[in-house]
>>> print(open('input.pdb').read())   # PDB, C-alpha atoms
ATOM      1  CA  MET A 236       3.976 -15.272 -16.419
ATOM      2  CA  ILE A 237       5.097 -16.638 -13.052
ATOM      3  CA  ARG A 238       3.270 -15.088 -10.101
ATOM      4  CA  PRO A 239       5.283 -13.696  -7.186
ATOM      5  CA  ARG A 240       5.233 -16.403  -4.488
ATOM      6  CA  LEU A 241       7.167 -17.363  -1.361
ATOM      7  CA  PHE A 242       6.681 -20.967  -0.242
ATOM      8  CA  GLY A 243       3.459 -21.014  -2.269
ATOM      9  CA  HIS A 244       2.040 -17.861  -0.705
ATOM     10  CA  PRO A 245       1.436 -14.700  -2.743
ATOM     11  CA  LEU A 246       3.973 -11.964  -1.909
ATOM     12  CA  HIS A 247       1.842  -8.878  -2.486
ATOM     13  CA  PRO A 248      -0.460  -9.368   0.532
ATOM     14  CA  ILE A 249       2.589 -10.035   2.717
ATOM     15  CA  THR A 250       4.176  -6.723   1.734
ATOM     16  CA  VAL A 251       1.233  -4.334   2.111
ATOM     17  CA  GLY A 252       0.809  -4.485   5.881
ATOM     18  CA  PHE A 253       3.866  -2.436   6.819
ATOM     19  CA  PRO A 254       3.244   0.622   4.634
ATOM     20  CA  VAL A 255      -0.437   0.732   5.586
ATOM     21  CA  ALA A 256       0.393   0.512   9.292
ATOM     22  CA  LEU A 257       3.300   2.963   9.161
ATOM     23  CA  TRP A 258       1.372   5.587   7.183
ATOM     24  CA  THR A 259      -1.590   5.284   9.548
ATOM     25  CA  VAL A 260       0.625   5.601  12.629
ATOM     26  CA  GLY A 261       2.396   8.568  11.013
ATOM     27  CA  LEU A 262      -0.975  10.263  10.736
ATOM     28  CA  VAL A 263      -1.620   9.515  14.426
ATOM     29  CA  TRP A 264       1.698  11.233  15.282
ATOM     30  CA  ASP A 265       0.564  14.185  13.173
ATOM     31  CA  LEU A 266      -2.652  14.409  15.171
ATOM     32  CA  ALA A 267      -0.622  14.320  18.376
ATOM     33  CA  ALA A 268       1.546  17.145  16.993
ATOM     34  CA  LEU A 269      -1.552  19.215  16.276
ATOM     35  CA  LEU A 270      -2.950  18.618  19.754
ATOM     36  CA  ARG A 271       0.300  18.950  21.735
ATOM     37  CA  ALA A 272       2.193  21.423  19.502
ATOM     38  CA  ARG A 273       5.539  19.705  20.104
ATOM     39  CA  PRO A 274       8.088  19.170  17.322
ATOM     40  CA  LEU A 275       8.822  15.679  18.684
ATOM     41  CA  TRP A 276       5.506  14.383  17.322
ATOM     42  CA  SER A 277       6.182  15.947  13.912
ATOM     43  CA  GLU A 278       9.602  14.310  13.861
ATOM     44  CA  MET A 279       8.086  10.941  14.746
ATOM     45  CA  ALA A 280       5.529  11.398  11.955
ATOM     46  CA  PHE A 281       8.324  12.213   9.487
ATOM     47  CA  TRP A 282      10.330   9.084  10.268
ATOM     48  CA  THR A 283       7.266   6.824  10.418
ATOM     49  CA  LEU A 284       5.947   8.069   7.072
ATOM     50  CA  ALA A 285       9.427   7.802   5.521
ATOM     51  CA  ALA A 286       9.758   4.216   6.776
ATOM     52  CA  GLY A 287       6.345   3.507   5.240
ATOM     53  CA  LEU A 288       7.590   4.795   1.887
ATOM     54  CA  MET A 289      10.533   2.415   2.000
ATOM     55  CA  ALA A 290       8.258  -0.445   3.029
ATOM     56  CA  ALA A 291       5.885   0.401   0.171
ATOM     57  CA  VAL A 292       8.474  -0.271  -2.537
ATOM     58  CA  PRO A 293       8.199  -4.090  -2.276
ATOM     59  CA  ALA A 294       4.397  -3.756  -2.180
ATOM     60  CA  LEU A 295       4.428  -1.683  -5.368
ATOM     61  CA  ILE A 296       6.795  -4.089  -7.111
ATOM     62  CA  THR A 297       4.909  -7.254  -6.149
ATOM     63  CA  GLY A 298       1.561  -5.610  -6.943
ATOM     64  CA  PHE A 299       2.756  -4.624 -10.396
ATOM     65  CA  TRP A 300       4.170  -8.122 -10.911
ATOM     66  CA  GLU A 301       0.866  -9.671  -9.843
ATOM     67  CA  MET A 302      -0.977  -7.356 -12.229
ATOM     68  CA  MET A 303       1.271  -8.366 -15.124
ATOM     69  CA  ALA A 304       0.564 -12.057 -14.358
ATOM     70  CA  LEU A 305      -3.202 -11.502 -14.616
ATOM     71  CA  PRO A 306      -4.588 -13.230 -17.713
ATOM     72  CA  GLN A 307      -5.479 -10.779 -20.467
ATOM     73  CA  GLY A 308      -9.195 -10.059 -20.563
ATOM     74  CA  HIS A 309      -9.725 -11.069 -16.906
ATOM     75  CA  ALA A 310     -12.966  -9.730 -15.435
ATOM     76  CA  ALA A 311     -11.014  -7.778 -12.790
ATOM     77  CA  GLU A 312      -8.652  -6.052 -15.229
ATOM     78  CA  GLY A 313     -10.313  -2.637 -14.890
ATOM     79  CA  LYS A 314     -10.389  -2.806 -11.100
ATOM     80  CA  VAL A 315      -6.717  -3.815 -11.038
ATOM     81  CA  TRP A 316      -5.788  -0.637 -12.907
ATOM     82  CA  TRP A 317      -7.908   1.468 -10.531
ATOM     83  CA  HIS A 318      -6.267  -0.205  -7.529
ATOM     84  CA  MET A 319      -2.798   0.452  -8.916
ATOM     85  CA  GLY A 320      -3.646   4.080  -9.700
ATOM     86  CA  ILE A 321      -5.128   4.790  -6.279
ATOM     87  CA  MET A 322      -2.238   3.162  -4.434
ATOM     88  CA  SER A 323       0.303   5.010  -6.591
ATOM     89  CA  ALA A 324      -1.473   8.285  -5.790
ATOM     90  CA  ALA A 325      -1.354   7.394  -2.082
ATOM     91  CA  PHE A 326       2.389   6.760  -2.338
ATOM     92  CA  CYS A 327       2.859  10.140  -4.061
ATOM     93  CA  CYS A 328       0.830  11.968  -1.384
ATOM     94  CA  ILE A 329       2.928  10.452   1.389
ATOM     95  CA  LEU A 330       6.120  11.256  -0.522
ATOM     96  CA  VAL A 331       5.043  14.908  -0.880
ATOM     97  CA  SER A 332       4.179  14.986   2.813
ATOM     98  CA  VAL A 333       7.647  13.730   3.754
ATOM     99  CA  LEU A 334       9.318  16.245   1.431
ATOM    100  CA  LEU A 335       7.267  19.084   2.943
ATOM    101  CA  ARG A 336       8.524  18.095   6.400
ATOM    102  CA  GLN A 337      12.258  18.161   5.668
ATOM    103  CA  GLU A 338      12.863  21.848   6.423
ATOM    104  CA  ALA A 339      10.836  21.674   9.636
ATOM    105  CA  LEU A 340      12.776  18.585  10.695
ATOM    106  CA  SER A 341      16.151  20.276  10.228
ATOM    107  CA  SER A 342      14.899  23.430  12.010
ATOM    108  CA  GLY A 343      13.398  21.552  14.946
ATOM    109  CA  VAL A 344       9.941  23.076  14.428
ATOM    110  CA  GLN A 345       6.537  21.576  13.828
ATOM    111  CA  ALA A 346       5.733  20.421  10.285
ATOM    112  CA  PRO A 347       3.540  22.694   8.137
ATOM    113  CA  GLY A 348      -0.178  22.043   7.858
ATOM    114  CA  SER A 349       0.225  21.107   4.198
ATOM    115  CA  ALA A 350       2.308  18.107   5.303
ATOM    116  CA  PHE A 351      -0.570  16.935   7.491
ATOM    117  CA  VAL A 352      -3.137  17.453   4.714
ATOM    118  CA  THR A 353      -1.109  15.450   2.174
ATOM    119  CA  ALA A 354      -0.543  12.664   4.713
ATOM    120  CA  LEU A 355      -4.280  12.605   5.440
ATOM    121  CA  ALA A 356      -5.001  12.384   1.700
ATOM    122  CA  GLY A 357      -2.428   9.589   1.364
ATOM    123  CA  VAL A 358      -3.953   7.548   4.177
ATOM    124  CA  ALA A 359      -7.477   8.107   2.821
ATOM    125  CA  LEU A 360      -6.351   6.911  -0.608
ATOM    126  CA  THR A 361      -4.608   3.940   1.012
ATOM    127  CA  LEU A 362      -7.849   2.920   2.708
ATOM    128  CA  ALA A 363      -9.802   3.254  -0.544
ATOM    129  CA  GLY A 364      -7.160   1.359  -2.524
ATOM    130  CA  GLY A 365      -6.933  -1.321   0.160
ATOM    131  CA  TRP A 366     -10.692  -1.817   0.041
ATOM    132  CA  LEU A 367     -10.484  -2.202  -3.724
ATOM    133  CA  GLY A 368      -7.585  -4.656  -3.273
ATOM    134  CA  GLY A 369      -9.808  -6.716  -0.996
ATOM    135  CA  GLU A 370     -12.480  -6.705  -3.703
ATOM    136  CA  LEU A 371      -9.909  -8.027  -6.168
ATOM    137  CA  VAL A 372      -8.862 -10.874  -3.887
ATOM    138  CA  PHE A 373     -12.189 -11.880  -2.362
ATOM    139  CA  GLY A 374     -14.472 -10.945  -5.245
ATOM    140  CA  HIS A 375     -12.340 -11.999  -8.208
ATOM    141  CA  GLY A 376      -9.723 -14.340  -6.724
ATOM    142  CA  VAL A 377      -6.863 -12.204  -8.040
ATOM    143  CA  GLY A 378      -3.535 -13.451  -6.696
ATOM    144  CA  VAL A 379      -5.133 -16.501  -5.108
ATOM    145  CA  GLU A 380      -3.563 -19.851  -5.856
ATOM    146  CA  ASN A 381      -6.341 -22.112  -6.986
ATOM    147  CA  ARG A 382      -6.737 -25.879  -7.055
ATOM    148  CA  LYS A 383      -6.100 -26.116 -10.781
ATOM    149  CA  GLU A 384      -2.683 -24.491 -10.344
ATOM    150  CA  ARG A 385      -1.884 -26.747  -7.385
ATOM    151  CA  ASN A 386      -3.209 -30.073  -8.664
ATOM    152  CA  GLY A 387      -3.864 -29.441 -12.326
ATOM    153  CA  ASP A 388      -7.206 -31.247 -12.154
ATOM    154  CA  GLU A 389      -9.866 -28.889 -10.801
ATOM    155  CA  PRO A 390     -11.421 -25.729 -12.274
ATOM    156  CA  SER A 391      -9.670 -22.439 -11.613
ATOM    157  CA  LEU A 392     -11.184 -19.338 -10.040
ATOM    158  CA  ASP A 393      -9.981 -17.554 -13.163
ATOM    159  CA  ASP A 394     -12.023 -19.960 -15.313
ATOM    160  CA  ALA A 395     -15.285 -18.925 -13.630
TER     161      ALA A 395
END
>>> encode(input="input.pdb", output="structure tokens")
Amino acid sequence: MIRPRLFGHPLHPITVGFPVALWTVGLVWDLAALLRARPLWSEMAFWTLAAGLMAAVPALITGFWEMMALPQGHAAEGKVWWHMGIMSAAFCCILVSVLLRQEALSSGVQAPGSAFVTALAGVALTLAGGWLGGELVFGHGVGVENRKERNGDEPSLDDA
């Protein structure tokens, strides 16, 4: 299967930065809302988390694509499934957090505490899943173009 690439660079790592950053900043706005008790911070958290959800769609698609391109029986296969599961759970937590905020947003009041807790869980899962993603790339070479693919004459990271 063809791996997702843009000008020879893997797409999945390019797409993960925005959702991670937006969800983390959304949590910062939530903390500001808790400390300052102003609906403005809750509204900023809502829109930042929602933007992160939209930005996460390409990351989910390219991650799934990259997973499907992994050779069957690869040493990292189990970790890939864990990474996908954790990141999917993070996405769901953030989605629930955004849905919990909708009534507060339309009423102009601060978001409920449950919205903060689910966002916190989503960011924690994102950090854990991101760490595992780093293990896949740096420990197993998943998604990394290797010399064999480029030149066809040297051993592959996947062959090790």
>>> axis_aligned_box(input="input.pdb", around="stretch 270-279 of chain A", padding_each_side="5 Å", output="AutoDock Vina command-line options")
--center_x 3.3 --center_y 16.2 --center_z 17.8 --size_x 22.6 --size_y 20.5 --size_z 17.9
>>> resolve_selection(input="input.pdb", expression="the PyMOL selection byres ((chain A and resi 273-286) around 9)", output="PyMOL selection string")
chain A and resi 253-254+257-272+287-291+329-330+332-333+336-337+339-340+343-346+354
>>> closest_residue(input="input.pdb", among="A:Ala304, A:Ala310, A:Val255, A:Val379", to="A:Gly364", atoms="only C-alpha atoms")
A:Val255
>>> resolve_selection(input="input.pdb", expression="the PyMOL selection byres ((chain A and resi 311) around 8)", output="ChimeraX atom specification")
/A:309-310,312-315,371,375,377
>>> atom_distance(input="input.pdb", atom1="atom CA of A:Met322", atom2="atom CA of A:Ala363")
8.5 Å
>>> residues_near_point(input="input.pdb", point="(-6.4, 1.0, 1.1)", cutoff="12 Å", atoms="only C-alpha atoms", output="ChimeraX atom specification")
/A:248,251-252,254-256,258-259,317-326,356-370
>>> closest_residue(input="input.pdb", among="A:Val372, A:Val292, A:Met302, A:Cys328", to="A:Trp316", atoms="all atoms listed in the file")
A:Met302
>>> atom_distance(input="input.pdb", atom1="atom CA of A:Val352", atom2="atom CA of A:Thr297")
28.2 Å
>>> atom_distance(input="input.pdb", atom1="atom CA of A:Ala294", atom2="atom CA of A:Phe373")
18.5 Å
